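A.B. asks: Contents of final-v4.txt (compact mmCIF, C-alpha atoms and all ligand atoms):
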# COMPACT_ATOMS: atom_id res chain seq x y z
CA MET A 1 -50.75 -1.02 22.26
CA ASP A 2 -48.74 -4.09 21.26
CA PHE A 3 -48.84 -5.69 17.82
CA SER A 4 -46.33 -8.48 18.43
CA PHE A 5 -46.93 -12.11 19.32
CA THR A 6 -45.07 -13.52 22.32
CA ASP A 7 -41.76 -15.33 21.71
CA GLU A 8 -43.51 -18.55 22.66
CA GLN A 9 -46.24 -17.96 20.07
CA GLU A 10 -43.70 -17.11 17.35
CA THR A 11 -41.66 -20.23 18.10
CA PHE A 12 -44.80 -22.35 18.00
CA ARG A 13 -45.83 -20.73 14.70
CA GLN A 14 -42.48 -21.69 13.13
CA GLU A 15 -42.78 -25.25 14.41
CA ILE A 16 -46.28 -25.58 12.98
CA ARG A 17 -45.19 -24.11 9.64
CA LYS A 18 -42.44 -26.75 9.35
CA PHE A 19 -44.83 -29.51 10.44
CA ALA A 20 -47.51 -28.42 7.96
CA GLU A 21 -45.07 -28.11 5.05
CA LYS A 22 -43.73 -31.60 5.74
CA GLN A 23 -46.86 -33.55 6.78
CA LEU A 24 -49.88 -31.70 5.37
CA ALA A 25 -48.81 -29.99 2.14
CA PRO A 26 -47.92 -33.20 0.23
CA HIS A 27 -51.55 -34.38 0.52
CA TYR A 28 -53.33 -31.16 -0.38
CA GLN A 29 -53.76 -31.74 -4.10
CA THR A 30 -53.80 -35.53 -4.11
CA ASP A 31 -56.61 -35.65 -1.51
CA ASP A 32 -58.66 -33.35 -3.71
CA VAL A 33 -58.44 -35.97 -6.47
CA THR A 34 -59.33 -38.93 -4.24
CA GLY A 35 -61.94 -36.91 -2.31
CA ARG A 36 -60.68 -38.35 0.99
CA MET A 37 -58.39 -36.99 3.67
CA THR A 38 -55.25 -39.12 3.99
CA PRO A 39 -55.77 -40.80 7.41
CA SER A 40 -52.21 -39.97 8.54
CA ILE A 41 -53.20 -36.28 8.50
CA PHE A 42 -55.45 -36.79 11.53
CA GLU A 43 -52.83 -38.94 13.28
CA ASP A 44 -50.05 -36.44 12.61
CA MET A 45 -52.11 -33.43 13.70
CA ALA A 46 -53.08 -35.24 16.90
CA ALA A 47 -49.46 -36.23 17.56
CA VAL A 48 -48.33 -32.58 17.64
CA GLY A 49 -51.27 -31.64 19.85
CA LEU A 50 -53.38 -29.69 17.35
CA PHE A 51 -56.68 -31.23 18.45
CA GLY A 52 -56.05 -30.48 22.11
CA LEU A 53 -55.20 -26.81 21.77
CA ARG A 54 -58.28 -25.54 23.62
CA ILE A 55 -58.49 -28.47 26.02
CA PRO A 56 -57.37 -28.03 29.65
CA GLU A 57 -54.16 -29.83 30.58
CA ARG A 58 -55.98 -32.11 33.03
CA TYR A 59 -57.88 -33.59 30.06
CA GLY A 60 -54.77 -34.03 27.88
CA GLY A 61 -54.71 -30.70 26.06
CA SER A 62 -52.38 -27.70 26.08
CA GLU A 63 -54.92 -25.04 27.11
CA ALA A 64 -53.70 -22.64 24.43
CA ASP A 65 -55.23 -19.20 24.12
CA ALA A 66 -57.46 -18.30 21.17
CA VAL A 67 -54.73 -16.22 19.50
CA THR A 68 -52.47 -19.29 19.38
CA VAL A 69 -55.24 -21.33 17.74
CA GLY A 70 -55.44 -18.53 15.15
CA LEU A 71 -51.70 -18.76 14.47
CA VAL A 72 -52.00 -22.51 14.01
CA ALA A 73 -54.99 -22.07 11.69
CA GLU A 74 -53.04 -19.71 9.47
CA GLU A 75 -50.03 -22.01 9.27
CA VAL A 76 -52.04 -25.19 8.67
CA ALA A 77 -54.04 -23.49 5.90
CA ARG A 78 -50.91 -22.22 4.15
CA SER A 79 -50.14 -25.86 3.44
CA ASN A 80 -53.54 -27.54 3.45
CA ILE A 81 -56.71 -25.56 4.14
CA ASN A 82 -58.79 -28.75 4.25
CA ALA A 83 -56.79 -30.13 7.18
CA GLY A 84 -57.91 -26.89 8.82
CA TYR A 85 -61.47 -28.24 9.02
CA ALA A 86 -60.37 -30.73 11.68
CA LEU A 87 -58.62 -27.96 13.62
CA LEU A 88 -61.70 -25.74 13.39
CA SER A 89 -64.11 -28.49 14.36
CA THR A 90 -62.14 -29.67 17.40
CA ALA A 91 -61.58 -26.12 18.66
CA LEU A 92 -65.24 -25.14 18.21
CA VAL A 93 -66.67 -28.34 19.71
CA CYS A 94 -64.29 -28.18 22.69
CA ASP A 95 -65.21 -24.56 23.40
CA ILE A 96 -68.91 -25.46 23.34
CA PHE A 97 -68.22 -28.30 25.80
CA LEU A 98 -66.12 -26.11 28.08
CA SER A 99 -68.86 -23.51 28.29
CA ALA A 100 -71.77 -25.91 28.81
CA ALA A 101 -70.83 -29.51 29.71
CA THR A 102 -70.58 -31.00 33.21
CA ASP A 103 -67.23 -32.03 34.77
CA GLU A 104 -68.20 -35.65 34.25
CA GLN A 105 -68.93 -35.07 30.56
CA LEU A 106 -65.68 -33.12 30.07
CA ALA A 107 -63.71 -35.99 31.63
CA ASP A 108 -65.54 -38.43 29.38
CA TRP A 109 -65.34 -36.46 26.09
CA LEU A 110 -62.24 -34.26 25.98
CA PRO A 111 -59.32 -36.74 26.35
CA SER A 112 -60.36 -38.71 23.26
CA ILE A 113 -60.51 -35.50 21.21
CA ALA A 114 -57.13 -34.34 22.50
CA ASP A 115 -55.41 -37.61 21.55
CA GLY A 116 -57.13 -37.79 18.15
CA SER A 117 -58.96 -41.06 18.80
CA VAL A 118 -62.28 -39.24 18.29
CA ILE A 119 -62.79 -36.72 15.48
CA PRO A 120 -65.87 -34.61 16.21
CA THR A 121 -68.01 -32.60 13.85
CA LEU A 122 -70.91 -30.21 14.32
CA ALA A 123 -74.31 -30.85 12.72
CA LEU A 124 -76.59 -27.82 12.62
CA THR A 125 -77.66 -27.28 9.00
CA GLU A 126 -80.71 -29.07 7.56
CA PRO A 127 -82.11 -29.23 4.04
CA GLY A 128 -84.70 -26.57 4.92
CA HIS A 129 -82.69 -24.46 7.39
CA GLY A 130 -79.19 -23.01 7.06
CA SER A 131 -79.13 -19.28 7.81
CA ASP A 132 -82.31 -19.54 9.88
CA ALA A 133 -80.83 -22.26 12.07
CA ALA A 134 -83.10 -21.30 14.99
CA ASN A 135 -85.93 -22.97 13.04
CA ILE A 136 -84.32 -26.39 12.61
CA GLU A 137 -86.72 -29.34 12.51
CA LEU A 138 -84.68 -32.42 13.51
CA GLN A 139 -86.88 -33.93 16.21
CA ALA A 140 -85.67 -35.15 19.60
CA LYS A 141 -88.81 -36.72 21.03
CA GLN A 142 -88.89 -37.16 24.81
CA THR A 143 -88.90 -40.79 25.99
CA ALA A 144 -88.96 -42.26 29.51
CA ASP A 145 -85.12 -42.14 29.79
CA GLY A 146 -84.12 -39.48 27.29
CA TRP A 147 -84.88 -38.61 23.66
CA GLU A 148 -85.31 -40.30 20.29
CA ILE A 149 -83.75 -38.36 17.38
CA THR A 150 -85.30 -38.56 13.92
CA GLY A 151 -84.70 -36.52 10.79
CA GLU A 152 -81.99 -35.19 8.51
CA LYS A 153 -78.96 -32.91 8.71
CA THR A 154 -77.06 -31.87 5.62
CA SER A 155 -73.85 -30.14 4.57
CA ILE A 156 -71.91 -31.47 7.54
CA SER A 157 -68.13 -31.27 7.07
CA LEU A 158 -65.77 -34.07 8.11
CA THR A 159 -68.66 -36.55 8.38
CA GLU A 160 -66.80 -39.01 6.17
CA ASP A 161 -64.14 -39.30 8.90
CA ALA A 162 -65.86 -38.08 12.08
CA ASP A 163 -66.64 -40.50 14.92
CA ARG A 164 -69.02 -38.26 16.85
CA ALA A 165 -71.07 -35.12 16.28
CA VAL A 166 -72.61 -32.31 18.25
CA VAL A 167 -76.16 -32.52 16.89
CA PHE A 168 -78.74 -29.78 17.33
CA ALA A 169 -82.33 -30.98 17.61
CA ARG A 170 -85.73 -29.67 18.60
CA THR A 171 -86.73 -30.75 22.08
CA GLY A 172 -89.23 -27.97 22.68
CA GLY A 173 -91.48 -25.45 20.95
CA PRO A 174 -90.64 -23.22 17.97
CA GLY A 175 -87.60 -20.94 17.74
CA ALA A 176 -84.17 -20.89 19.34
CA ARG A 177 -85.36 -21.80 22.85
CA GLY A 178 -86.71 -25.14 21.63
CA VAL A 179 -83.27 -26.31 20.40
CA SER A 180 -80.98 -28.61 22.42
CA ALA A 181 -77.50 -29.97 21.66
CA PHE A 182 -76.44 -33.62 21.98
CA TYR A 183 -73.05 -35.28 21.58
CA VAL A 184 -73.74 -38.50 19.70
CA SER A 185 -71.82 -41.37 18.15
CA LEU A 186 -72.08 -41.59 14.36
CA ASP A 187 -71.16 -45.26 14.44
CA HIS A 188 -74.66 -46.54 15.21
CA PRO A 189 -77.23 -48.51 13.18
CA ALA A 190 -79.75 -45.66 13.60
CA VAL A 191 -77.37 -43.20 11.91
CA SER A 192 -76.50 -43.23 8.21
CA LYS A 193 -74.76 -40.80 5.90
CA ALA A 194 -74.66 -39.87 2.21
CA ARG A 195 -71.60 -38.26 0.71
CA LEU A 196 -72.04 -34.98 -1.22
CA ASP A 197 -70.18 -34.59 -4.52
CA ASP A 198 -68.59 -31.23 -3.75
CA ILE A 199 -66.98 -28.68 -6.05
CA ALA A 200 -64.30 -27.90 -3.45
CA ASN A 201 -63.00 -28.88 0.00
CA ARG A 202 -63.42 -32.38 -1.36
CA ALA A 203 -61.16 -33.97 1.25
CA ALA A 204 -63.21 -32.37 4.03
CA GLY A 205 -65.84 -35.09 3.54
CA ARG A 206 -69.16 -33.14 3.58
CA CYS A 207 -72.19 -35.41 3.97
CA SER A 208 -75.88 -35.54 4.75
CA LEU A 209 -76.70 -37.35 7.99
CA PHE A 210 -79.88 -39.34 8.61
CA PHE A 211 -81.20 -40.21 12.08
CA ASP A 212 -83.74 -43.00 12.31
CA GLY A 213 -84.82 -43.10 15.96
CA LEU A 214 -81.38 -42.68 17.59
CA ILE A 215 -81.82 -43.07 21.35
CA VAL A 216 -79.87 -40.58 23.48
CA GLY A 217 -79.87 -40.01 27.21
CA ARG A 218 -79.35 -37.14 29.63
CA GLN A 219 -75.61 -37.95 29.67
CA ASP A 220 -75.48 -36.95 25.96
CA LEU A 221 -77.24 -33.60 26.44
CA ILE A 222 -74.86 -30.61 26.38
CA GLY A 223 -75.93 -27.95 28.86
CA ASP A 224 -79.58 -27.42 29.73
CA GLU A 225 -82.46 -28.52 27.58
CA GLY A 226 -83.28 -25.63 25.23
CA SER A 227 -79.83 -24.01 25.51
CA GLY A 228 -78.30 -25.60 22.38
CA PHE A 229 -78.78 -22.65 20.06
CA LYS A 230 -77.19 -20.21 22.48
CA SER A 231 -74.12 -22.39 22.94
CA VAL A 232 -73.48 -22.79 19.20
CA MET A 233 -73.90 -19.07 18.57
CA GLN A 234 -71.34 -18.30 21.31
CA GLY A 235 -68.98 -20.83 19.73
CA PHE A 236 -69.41 -19.27 16.29
CA GLU A 237 -68.23 -15.91 17.63
CA TYR A 238 -64.88 -17.52 18.12
CA SER A 239 -64.76 -19.94 15.19
CA ARG A 240 -65.56 -17.17 12.71
CA ALA A 241 -62.20 -15.51 13.41
CA ILE A 242 -60.47 -18.89 13.01
CA ILE A 243 -62.21 -19.32 9.65
CA GLY A 244 -60.93 -15.89 8.64
CA LEU A 245 -57.36 -16.99 9.39
CA LEU A 246 -57.79 -20.29 7.55
CA ALA A 247 -58.84 -18.36 4.44
CA ILE A 248 -56.04 -15.82 4.90
CA GLY A 249 -53.47 -18.61 5.38
CA THR A 250 -54.19 -20.21 2.04
CA ALA A 251 -54.38 -16.80 0.31
CA SER A 252 -50.98 -15.83 1.77
CA ALA A 253 -49.46 -18.97 0.29
CA ALA A 254 -51.06 -18.12 -3.06
CA LEU A 255 -49.62 -14.58 -3.02
CA ASP A 256 -46.16 -15.83 -1.94
CA ASP A 257 -46.15 -18.23 -4.90
CA ALA A 258 -47.25 -15.44 -7.24
CA ILE A 259 -44.52 -13.09 -5.96
CA ASP A 260 -41.86 -15.77 -6.52
CA TYR A 261 -43.21 -16.48 -9.97
CA ALA A 262 -43.31 -12.78 -10.90
CA LYS A 263 -39.65 -12.36 -9.97
CA ASN A 264 -38.64 -15.33 -12.10
CA ARG A 265 -40.87 -14.93 -15.15
CA SER A 266 -39.61 -12.47 -17.78
CA THR A 267 -41.48 -10.89 -20.65
CA PHE A 268 -40.14 -8.28 -23.06
CA GLY A 269 -36.70 -8.65 -21.48
CA ALA A 270 -37.56 -7.98 -17.80
CA PRO A 271 -39.10 -9.81 -14.83
CA ILE A 272 -42.86 -9.26 -14.78
CA SER A 273 -42.55 -8.10 -11.13
CA THR A 274 -40.99 -4.87 -12.48
CA ARG A 275 -44.31 -3.99 -14.20
CA GLN A 276 -46.67 -1.96 -12.05
CA GLY A 277 -49.59 -3.83 -13.60
CA VAL A 278 -48.26 -7.07 -12.06
CA ALA A 279 -46.73 -5.86 -8.78
CA PHE A 280 -49.34 -3.33 -7.63
CA PRO A 281 -52.38 -5.65 -7.65
CA LEU A 282 -50.37 -8.14 -5.58
CA VAL A 283 -49.41 -5.34 -3.17
CA GLU A 284 -53.06 -4.31 -2.92
CA HIS A 285 -54.09 -7.85 -1.98
CA LEU A 286 -51.26 -8.13 0.55
CA THR A 287 -52.65 -4.94 2.09
CA TYR A 288 -56.24 -6.21 2.25
CA LEU A 289 -55.08 -9.48 3.80
CA ALA A 290 -52.95 -7.63 6.37
CA GLY A 291 -56.00 -5.59 7.40
CA ALA A 292 -58.28 -8.62 7.65
CA ARG A 293 -55.60 -10.55 9.56
CA HIS A 294 -55.36 -7.76 12.17
CA LEU A 295 -59.10 -7.85 12.72
CA CYS A 296 -59.09 -11.66 13.09
CA TYR A 297 -56.42 -11.47 15.77
CA GLU A 298 -58.19 -8.58 17.47
CA ALA A 299 -61.33 -10.75 17.73
CA LEU A 300 -59.30 -13.64 19.19
CA TRP A 301 -57.36 -11.35 21.52
CA ARG A 302 -60.65 -9.87 22.77
CA LYS A 303 -61.92 -13.39 23.43
CA ASP A 304 -58.77 -14.16 25.42
CA GLN A 305 -59.26 -10.94 27.43
CA GLY A 306 -62.88 -11.83 28.15
CA LEU A 307 -64.06 -8.84 26.08
CA ASP A 308 -67.02 -8.83 23.73
CA HIS A 309 -65.85 -9.89 20.24
CA THR A 310 -69.13 -10.53 18.41
CA ALA A 311 -68.84 -7.62 15.98
CA GLN A 312 -65.14 -8.20 15.16
CA ALA A 313 -65.66 -11.93 14.53
CA SER A 314 -68.67 -11.29 12.29
CA MET A 315 -66.82 -8.53 10.40
CA VAL A 316 -64.01 -10.94 9.52
CA LYS A 317 -66.45 -13.73 8.71
CA TRP A 318 -67.64 -11.80 5.67
CA TRP A 319 -64.45 -9.90 4.92
CA ALA A 320 -61.57 -12.37 5.30
CA PRO A 321 -62.85 -15.19 3.02
CA LYS A 322 -63.85 -12.60 0.39
CA ALA A 323 -60.44 -10.90 0.58
CA ALA A 324 -58.79 -14.33 0.38
CA VAL A 325 -60.75 -15.41 -2.68
CA GLU A 326 -59.96 -12.12 -4.47
CA ALA A 327 -56.26 -12.37 -3.56
CA ILE A 328 -56.03 -15.95 -4.82
CA HIS A 329 -57.81 -14.96 -8.04
CA GLN A 330 -55.14 -12.31 -8.65
CA ALA A 331 -52.36 -14.74 -7.72
CA LEU A 332 -53.74 -17.23 -10.25
CA LEU A 333 -53.83 -14.59 -13.02
CA THR A 334 -50.19 -13.68 -12.27
CA PHE A 335 -49.17 -17.16 -13.44
CA GLY A 336 -50.87 -16.83 -16.83
CA HIS A 337 -51.30 -20.20 -18.52
CA ALA A 338 -49.04 -21.86 -15.94
CA ALA A 339 -51.86 -21.86 -13.36
CA TRP A 340 -54.40 -23.23 -15.81
CA SER A 341 -53.65 -26.86 -15.13
CA ALA A 342 -54.29 -28.93 -12.07
CA ASP A 343 -50.64 -29.40 -11.13
CA ASN A 344 -50.59 -25.75 -9.99
CA PRO A 345 -52.50 -25.41 -6.66
CA GLN A 346 -53.90 -21.90 -7.27
CA ALA A 347 -57.25 -23.00 -8.75
CA GLN A 348 -57.82 -25.47 -5.91
CA ARG A 349 -56.98 -22.78 -3.35
CA LEU A 350 -59.53 -20.51 -5.03
CA ARG A 351 -62.28 -23.15 -4.87
CA ASP A 352 -61.39 -24.21 -1.34
CA ALA A 353 -61.24 -20.69 0.14
CA MET A 354 -64.65 -19.92 -1.39
CA GLY A 355 -66.20 -22.63 0.80
CA PHE A 356 -65.56 -20.40 3.79
CA GLU A 357 -67.72 -17.66 2.24
CA ILE A 358 -70.66 -19.98 3.02
CA ALA A 359 -69.61 -22.37 5.81
CA ASP A 360 -70.51 -21.25 9.36
CA GLY A 361 -72.78 -18.48 8.00
CA THR A 362 -72.83 -16.40 4.82
CA ALA A 363 -71.69 -12.79 4.40
CA GLN A 364 -75.29 -11.55 4.66
CA ILE A 365 -75.81 -13.23 8.00
CA ALA A 366 -72.44 -11.98 9.32
CA LYS A 367 -73.38 -8.43 8.26
CA LEU A 368 -76.75 -8.81 9.93
CA VAL A 369 -74.98 -9.59 13.22
CA VAL A 370 -72.71 -6.54 12.81
CA ALA A 371 -75.69 -4.35 11.88
CA ARG A 372 -77.50 -5.40 15.05
CA SER A 373 -74.54 -4.37 17.18
CA VAL A 374 -74.11 -1.06 15.31
CA PHE A 375 -77.74 0.05 14.87
CA GLY A 376 -79.33 -1.94 17.70
CA ARG A 377 -81.74 -4.80 16.98
CA GLN A 378 -84.69 -2.47 16.57
CA PHE A 379 -83.10 -0.48 13.73
CA ALA A 380 -81.15 -3.28 11.99
CA PRO A 381 -82.31 -5.03 8.76
C1 LIG B 401 -67.97 -25.90 2.66
C2 LIG B 401 -69.11 -25.91 3.62
C3 LIG B 401 -68.99 -26.54 4.84
C4 LIG B 401 -70.06 -26.56 5.73
N1 LIG B 401 -69.92 -27.25 6.91
C5 LIG B 401 -70.98 -27.31 7.77
C6 LIG B 401 -70.88 -28.08 8.97
O1 LIG B 401 -69.86 -28.70 9.27
N2 LIG B 401 -71.97 -28.13 9.80
C7 LIG B 401 -73.13 -27.48 9.51
O2 LIG B 401 -74.06 -27.54 10.30
N3 LIG B 401 -73.25 -26.75 8.37
C8 LIG B 401 -72.21 -26.65 7.49
N4 LIG B 401 -72.32 -25.95 6.32
C9 LIG B 401 -73.58 -25.29 6.01
C10 LIG B 401 -73.52 -23.77 6.17
O3 LIG B 401 -73.42 -23.42 7.53
C11 LIG B 401 -74.79 -23.19 5.50
O4 LIG B 401 -74.66 -23.47 4.11
C12 LIG B 401 -74.94 -21.71 5.73
O5 LIG B 401 -75.26 -21.42 7.07
C13 LIG B 401 -75.99 -21.08 4.81
O6 LIG B 401 -77.19 -21.80 4.86
P1 LIG B 401 -77.88 -22.30 3.50
O7 LIG B 401 -76.82 -22.92 2.66
O8 LIG B 401 -79.05 -23.11 3.83
O9 LIG B 401 -78.31 -20.98 2.73
P2 LIG B 401 -79.68 -20.19 2.94
O10 LIG B 401 -79.92 -19.92 4.35
O11 LIG B 401 -80.75 -20.89 2.18
O12 LIG B 401 -79.33 -18.84 2.18
C14 LIG B 401 -79.27 -18.76 0.75
C15 LIG B 401 -78.79 -17.35 0.35
O13 LIG B 401 -79.71 -16.36 0.88
C16 LIG B 401 -79.03 -15.46 1.72
N5 LIG B 401 -79.89 -15.14 2.86
C17 LIG B 401 -80.57 -16.01 3.66
N6 LIG B 401 -81.27 -15.34 4.58
C18 LIG B 401 -81.03 -14.01 4.39
C19 LIG B 401 -81.45 -12.81 5.04
N7 LIG B 401 -82.27 -12.82 6.09
N8 LIG B 401 -80.97 -11.62 4.56
C20 LIG B 401 -80.14 -11.60 3.49
N9 LIG B 401 -79.70 -12.70 2.84
C21 LIG B 401 -80.14 -13.89 3.29
C22 LIG B 401 -77.76 -16.19 2.18
O14 LIG B 401 -76.74 -15.28 2.54
C23 LIG B 401 -77.42 -17.03 0.94
O15 LIG B 401 -76.71 -16.23 0.03
C24 LIG B 401 -71.27 -25.91 5.41
C25 LIG B 401 -71.40 -25.25 4.16
C26 LIG B 401 -70.34 -25.26 3.27
C27 LIG B 401 -70.49 -24.59 1.94
Would you give me this structure, written as structure tokens?
C.D. replies:
Amino acid sequence: MDFSFTDEQETFRQEIRKFAEKQLAPHYQTDDVTGRMTPSIFEDMAAVGLFGLRIPERYGGSEADAVTVGLVAEEVARSNINAGYALLSTALVCDIFLSAATDEQLADWLPSIADGSVIPTLALTEPGHGSDAANIELQAKQTADGWEITGEKTSISLTEDADRAVVFARTGGPGARGVSAFYVSLDHPAVSKARLDDIANRAAGRCSLFFDGLIVGRQDLIGDEGSGFKSVMQGFEYSRAIIGLLAIGTASAALDDAIDYAKNRSTFGAPISTRQGVAFPLVEHLTYLAGARHLCYEALWRKDQGLDHTAQASMVKWWAPKAAVEAIHQALLTFGHAAWSADNPQAQRLRDAMGFEIADGTAQIAKLVVARSVFGRQFAP
């Protein structure tokens, strides 16, 4: 049993922490006000290779293992959890490509993601179908040369800034086996978007997407026709642990700030950190986060070892964002009135971390996946 990261991973973590504190943190609160990601964030993340982490070297990436992506997620989110959306999206999309796309498609698609010239997003959710994504209705009607896509997606992160999207559409009959995945350009007259006025993650640019007869060909199809649902579900097994670490990263920053504040704020003649009522709740949340963090890395380590990690990833999908939100809540209360104005980041961290309680599947759906692996499908809810 070994609980340590390699020297190389630790060195990389420190580099990313410095990078994130310098380049990402200064935009965290200001981008929430403008509702747009500062464009230099994408350029800077690309320049240090964060969009190419999962991409093989021959396509311009660094071929990092999943654990390293987790370390990066934690460090990015400590400074700016919303910049983490781009990290999550590129890692998830690239893993879907690597498991299903042809060599020709990989050569065509991956280098532009690695160098940051294309920001991809993933469009699964529709107005009528979120949790029951196997029943999506976006139509991809067969034509002589390919398909014509018509319908609506909603709640798609990064769409304000994304150039391309992995879009899931119905090419066949009902259910999961009728769903195919396409990699499409969003800069097309047959595609339009409408910005959503979000309560959090405002810089992450969530939009609805409308397709009005977008023509796609076989070269845009990812994997076999009808295999789209399977590929996204496999990708989610990995991205759910990354989401856990994004939430934990921002919660760790919140607790660190609260600990500093508690040591420096005095009431009744002593630092508030000397009161059990202040220190112990913070210790409890540090403990919960440490537990959830271990499980996130176990899921990623299992992925790297080629072991099944479905249950671990789904466990942290419900647990880590919840633990993060509760930790940030306590960190906010530690500040008293000082966190009750927008110049203190705690309230924004609370709102932003909560987004991950829904994005990529809610707690109920994550628990359903765990229940199936524990009880067996036949006996699960
Ligand atoms: C910040 C954010 C970012 C997002 N980014 C993206 C993105 O980039 N791409 C994308 O495709 N989607 C994205 N989503 C959408 C997200 O994946 C869906 O919101 C999510 O899967 C839940 O679907 P829904 O909102 O339609 O809720 P519903 O499926 O309508 O569920 C509503 C409630 O009922 C519960 N519920 C539903 N079915 C069951 C059941 N069988 N048993 C018990 N409880 C159940 C749910 O847990 C939830 O509490 C994002 C969402 C958010 C909030």
A.B. asks: 6 Å from ligand LIG 401 (chain B) is the threshold here; counting only C-alpha atoms and all ligand atoms, which polymer residues fall inside it? Answer as a PDB file with C-alpha atoms, in the coordinates of the input.
C.D. replies:
ATOM      1  CA  LEU A 122     -70.910 -30.210  14.320  1.00  0.00           C
ATOM      2  CA  ALA A 123     -74.310 -30.850  12.720  1.00  0.00           C
ATOM      3  CA  LEU A 124     -76.590 -27.820  12.620  1.00  0.00           C
ATOM      4  CA  THR A 125     -77.660 -27.280   9.000  1.00  0.00           C
ATOM      5  CA  HIS A 129     -82.690 -24.460   7.390  1.00  0.00           C
ATOM      6  CA  GLY A 130     -79.190 -23.010   7.060  1.00  0.00           C
ATOM      7  CA  SER A 131     -79.130 -19.280   7.810  1.00  0.00           C
ATOM      8  CA  SER A 155     -73.850 -30.140   4.570  1.00  0.00           C
ATOM      9  CA  ILE A 156     -71.910 -31.470   7.540  1.00  0.00           C
ATOM     10  CA  SER A 157     -68.130 -31.270   7.070  1.00  0.00           C
ATOM     11  CA  GLY A 355     -66.200 -22.630   0.800  1.00  0.00           C
ATOM     12  CA  ILE A 358     -70.660 -19.980   3.020  1.00  0.00           C
ATOM     13  CA  ALA A 359     -69.610 -22.370   5.810  1.00  0.00           C
ATOM     14  CA  ASP A 360     -70.510 -21.250   9.360  1.00  0.00           C
ATOM     15  CA  GLY A 361     -72.780 -18.480   8.000  1.00  0.00           C
ATOM     16  CA  THR A 362     -72.830 -16.400   4.820  1.00  0.00           C
ATOM     17  CA  ALA A 363     -71.690 -12.790   4.400  1.00  0.00           C
ATOM     18  CA  GLN A 364     -75.290 -11.550   4.660  1.00  0.00           C
ATOM     19  CA  ILE A 365     -75.810 -13.230   8.000  1.00  0.00           C
TER      20      ILE A 365
END
A.B. asks: Between A:Gly223, A:Gly228, A:Gly244, A:Gly84, single out the one closest to A:Gln312, counting all atoms listed in the file.
C.D. replies: A:Gly244
A.B. asks: Measuring atom to atom with all atoms listed in the file, identify which of A:Glu225, A:Glu152, A:Glu298, A:Asp352 is nearest to A:Asp198.
C.D. replies: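 Closest to A:Asp198, using all atoms listed in the file: A:Asp352.
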A.B. asks: For atom CA of A:Asp304 and atom CA of A:Val184, determine how far apart the two atoms are, in Å to one decimal place.
C.D. replies: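 Atom CA of A:Asp304 sits 29.1 Å away from atom CA of A:Val184.
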A.B. asks: Contacts of A:Leu295 at 10 Å or less, counting all atoms listed in the file, minus same-chain residues fewer than 5 places along, as a ChimeraX atom specification?
C.D. replies: /A:241,244-245,289-290,300-301,312-313,315-316,319-320
A.B. asks: Take atom CA of A:Glu137 and atom CA of A:Val167 and report the distance between them in Å, one decimal.
C.D. replies: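 Distance between the two atoms: 11.9 Å.
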A.B. asks: Could you work out how far atom CA of A:Ile242 lies from atom CA of A:Tyr297, giving the answer in Å with one decimal?
C.D. replies: 8.9 Å
A.B. asks: Go ahead and find all residues with at least one atom no further than 8 Å from (-84.1, -39.9, 17.7) in the file's coordinates, using all atoms listed in the file; report them as number ranges by chain.
C.D. replies: A: 139-141, 147-151, 211-216
A.B. asks: With all atoms listed in the file as the basis for distance, which of A:Lys22, A:Arg78, A:Arg218, A:Arg377 is at the shortest distance from A:Arg349?
C.D. replies: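 Nearest to A:Arg349: A:Arg78.
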A.B. asks: Using all atoms listed in the file, which of A:Leu110, A:Ile96, A:Ile119, A:Ala134 sits nearest A:Val232?
C.D. replies: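 Closest to A:Val232 of all the choices is A:Ile96.
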A.B. asks: Would you kindly return, as a ChimeraX atom specification, each protein, DNA or RNA residue with an atom no farther than 12 Å from any atom of stretch 24-29 of chain A, considering all atoms listed in the file and excluding same-chain residues fewer than 5 positions away?
C.D. replies: /A:16-19,34-45,75-84,200-204,250,253,342-349,352
A.B. asks: Compare A:Ser185, A:Ser239, A:Thr267, A:Gln305 by their minimum atom-to-atom distance to A:Asp95, counting all atoms listed in the file, and give me the closest one.
C.D. replies: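 Looking at the shortest contact to A:Asp95, the residue is A:Ser239.
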A.B. asks: At a cut-off of 6 Å around the point (-78.5, -40.1, 11.5) (file coordinates), what residues fall inside when counting all atoms listed in the file? I'd like the answer as a list of chain:residue names.
C.D. replies: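 Residues found, by chain and rising number: A:Val191, A:Ser192, A:Leu209, A:Phe210, A:Phe211.
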